[in-house]
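K.L.:
For reference, the structure I am asking about is given below.
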Amino acid sequence: MDNTHNSKKSTSRLDAESQVNPEEMGSVGIDKQIEKLEVRRSIKELQRAAGNLMGQRVRDVTEKLLTRTLSGVVYAAIVLAALFVGKEATIVLIAGMAWLCCSEFFHICRMGGRMPNEPLGLVFSLIFPIIAYFGHIFPLAFSLLLIILCGLWYVFTPRANLADVAVTAFGPLYTSLSLSTVVLLRSTEPSFSIPWITLAVMLSVWANDSFAYLFGSKFGKHKLAPRISPNKSWEGFYGGLFGSMLVWFLIAVFGAINMNPLFALLFGVTEGIFSVVGDLFESRIKRGVGLKDSGSIMPGHGGLLDRTDSMIFGTMAAFLLFQLAVLFSQVKLPIASPFGA
């Protein structure tokens, strides 16, 4: 009987010990909640340090967009003002742009281990837009002179190698001779007037960039050239072509340029394609030396060469197409006339 009594006492003691005090249960629950809050706070601190919080991402995107837009507006305003004033202002603008672009190109070359003759290349980057004012033959003549001087420099400079000579000559040809086509186009139109031909060429390139960015951001899924420019997509490419064609079509339809609308669409497609080629060309040059931007003169864009790469190839393509169009009009070949009657 005593044993039974003892066992009952021990059982009741165990039951009493097993019962949890409500106050203790409440404190345990609070501790767990505090622990969860501490973990959540630690995760947010890590995200904040990495800049991955939603507010930080939104603010970062907004700041970049505003900076990019503001610098782009300033750039466009300067270009349009110079085009409106006339040939002389356009020459000054293009010469300055070409010099900066050539300087950035030589910087990229030095990063790749090349040693170009920068004084020679930069001087010719200033010369090409100026001599373009006097006609088509002078850029060709000075291109030959540049090659001759590069050859002389190579002969009398033991440290120079063939790659150094190549980039010395290519720098001003790529950044300055190509942009001189803007001067040649502007020379066909009177000063202090709306230069519709030159304006169409410039607006087409800008529309290509803008529409490509908008379409690519919204619909971009299929990569265009992932090894060269991972952010470019085929959807953005087609959107850019649409933008270029739209500019040329509207200018032709509303009579700003006396041009057949079908040929205007051809101009838009051609300039749009080569604008993308110019962008990818410069991207591959930078990727070859591990650079993201060619410079930092334009906030939100990088260097001037980053902003002008599409323009370089786009204006060259448009200029050549204009020459063919004028030739067809003059020779009276049995094809549709590019310009209206």
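All residue names refer to the structure tokens as shown: chains lettered A, B, ... in order, residues numbered from 1 in each chain, ligands numbered from 1 in order.
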Tell me which protein, DNA and RNA residues are within 7 Å of range 88-99 of chain A, counting only C-alpha atoms, leaving out same-chain ones fewer than 4 positions away, and put them as a PyMOL selection string.

P.N.:
chain A and resi 82-83+103+122+125-126+129-130+175-176+179+183

K.L.:
If we count only C-alpha atoms and set the cut-off at 8 Å, which residues sit around Ala132 in chain A, ignoring sequence neighbours fewer than 2 positions away in its own chain? Please answer as a list of chain:residue names.

P.N.:
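In the requested format, the answer is A:Phe128, A:Pro129, A:Ile130, A:Phe134, A:Gly135, A:His136, A:Phe138, A:Pro139, A:Ser180, A:Thr181, A:Val183, A:Leu184.
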
K.L.:
Mind dumping the selected residues with C-alpha atoms as an mmCIF file, in the first residue's frame?

P.N.:
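File produced: result20.cif:
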```
data_model
loop_
_atom_site.group_PDB
_atom_site.id
_atom_site.type_symbol
_atom_site.label_atom_id
_atom_site.label_comp_id
_atom_site.auth_asym_id
_atom_site.auth_seq_id
_atom_site.Cartn_x
_atom_site.Cartn_y
_atom_site.Cartn_z
ATOM 1 C CA PHE A 128 39.077 65.721 -91.611
ATOM 2 C CA PRO A 129 35.901 67.662 -90.630
ATOM 3 C CA ILE A 130 37.523 70.958 -91.690
ATOM 4 C CA PHE A 134 35.826 72.136 -99.321
ATOM 5 C CA GLY A 135 34.490 69.048 -101.076
ATOM 6 C CA HIS A 136 34.603 65.269 -101.356
ATOM 7 C CA PHE A 138 39.974 66.527 -99.930
ATOM 8 C CA PRO A 139 39.134 63.846 -97.308
ATOM 9 C CA SER A 180 32.874 64.179 -91.601
ATOM 10 C CA THR A 181 29.961 62.801 -93.619
ATOM 11 C CA VAL A 183 29.651 68.038 -92.614
ATOM 12 C CA LEU A 184 29.270 66.886 -96.213
#
```

K.L.:
Quick one: pick out all strand (DSSP E) residues within range 171-334 of chain A from a backbone DSSP run and write them as a VMD selection string.

P.N.:
chain A and resid 223 to 225 229 to 233

K.L.:
Would you save the residues of that selection, restricted to C-alpha atoms, as a short mmCIF file (atom, residue, chain, number, x, y, z; two decimals), in the first residue's frame?

P.N.:
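Result went into part-v9.cif, see below:
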```cif
data_model
loop_
_atom_site.label_atom_id
_atom_site.label_comp_id
_atom_site.auth_asym_id
_atom_site.auth_seq_id
_atom_site.Cartn_x
_atom_site.Cartn_y
_atom_site.Cartn_z
CA LYS A 223 19.88 37.72 -77.30
CA LEU A 224 21.29 39.43 -80.37
CA ALA A 225 25.02 39.16 -79.64
CA SER A 229 26.70 43.04 -75.88
CA PRO A 230 24.64 40.83 -73.52
CA ASN A 231 21.87 43.40 -73.06
CA LYS A 232 20.94 43.64 -76.74
CA SER A 233 18.05 41.53 -78.01
#
```

K.L.:
Can you tell me, as a PyMOL selection string, what residues are no more than 12 Å from range 257-264 of chain A when counting only C-alpha atoms, ignoring any on the same chain fewer than 4 positions away?

P.N.:
chain A and resi 189+194-201+204+244-253+268-271+318+321-322+324-326+329+335-341

K.L.:
Can you pull out every residue from range 70-315 of chain A that DSSP, working from the backbone, puts in alpha helix (DSSP H), and format the result as number ranges by chain?

P.N.:
A: 70-85, 87-111, 118-131, 137-156, 162-172, 180-186, 196-219, 234-253, 261-289, 304-315

K.L.:
Set the distance at 8 Å and use only C-alpha atoms: which residues neighbour range 285-298 of chain A once local chain neighbours fewer than 4 positions away are removed? I'd like the list as a list in words.

P.N.:
Ser71, Glu104, Phe105, His107, Ile108, Met111, Gly112, Ile228, Phe281, Gly302, Gly303, Leu304, Leu305 and Asp306 of chain A

K.L.:
Between CA of Asp279 in chain A and CA of Ala166 in chain A, what is the spacing in Å?

P.N.:
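These two atoms are separated by 21.1 Å.
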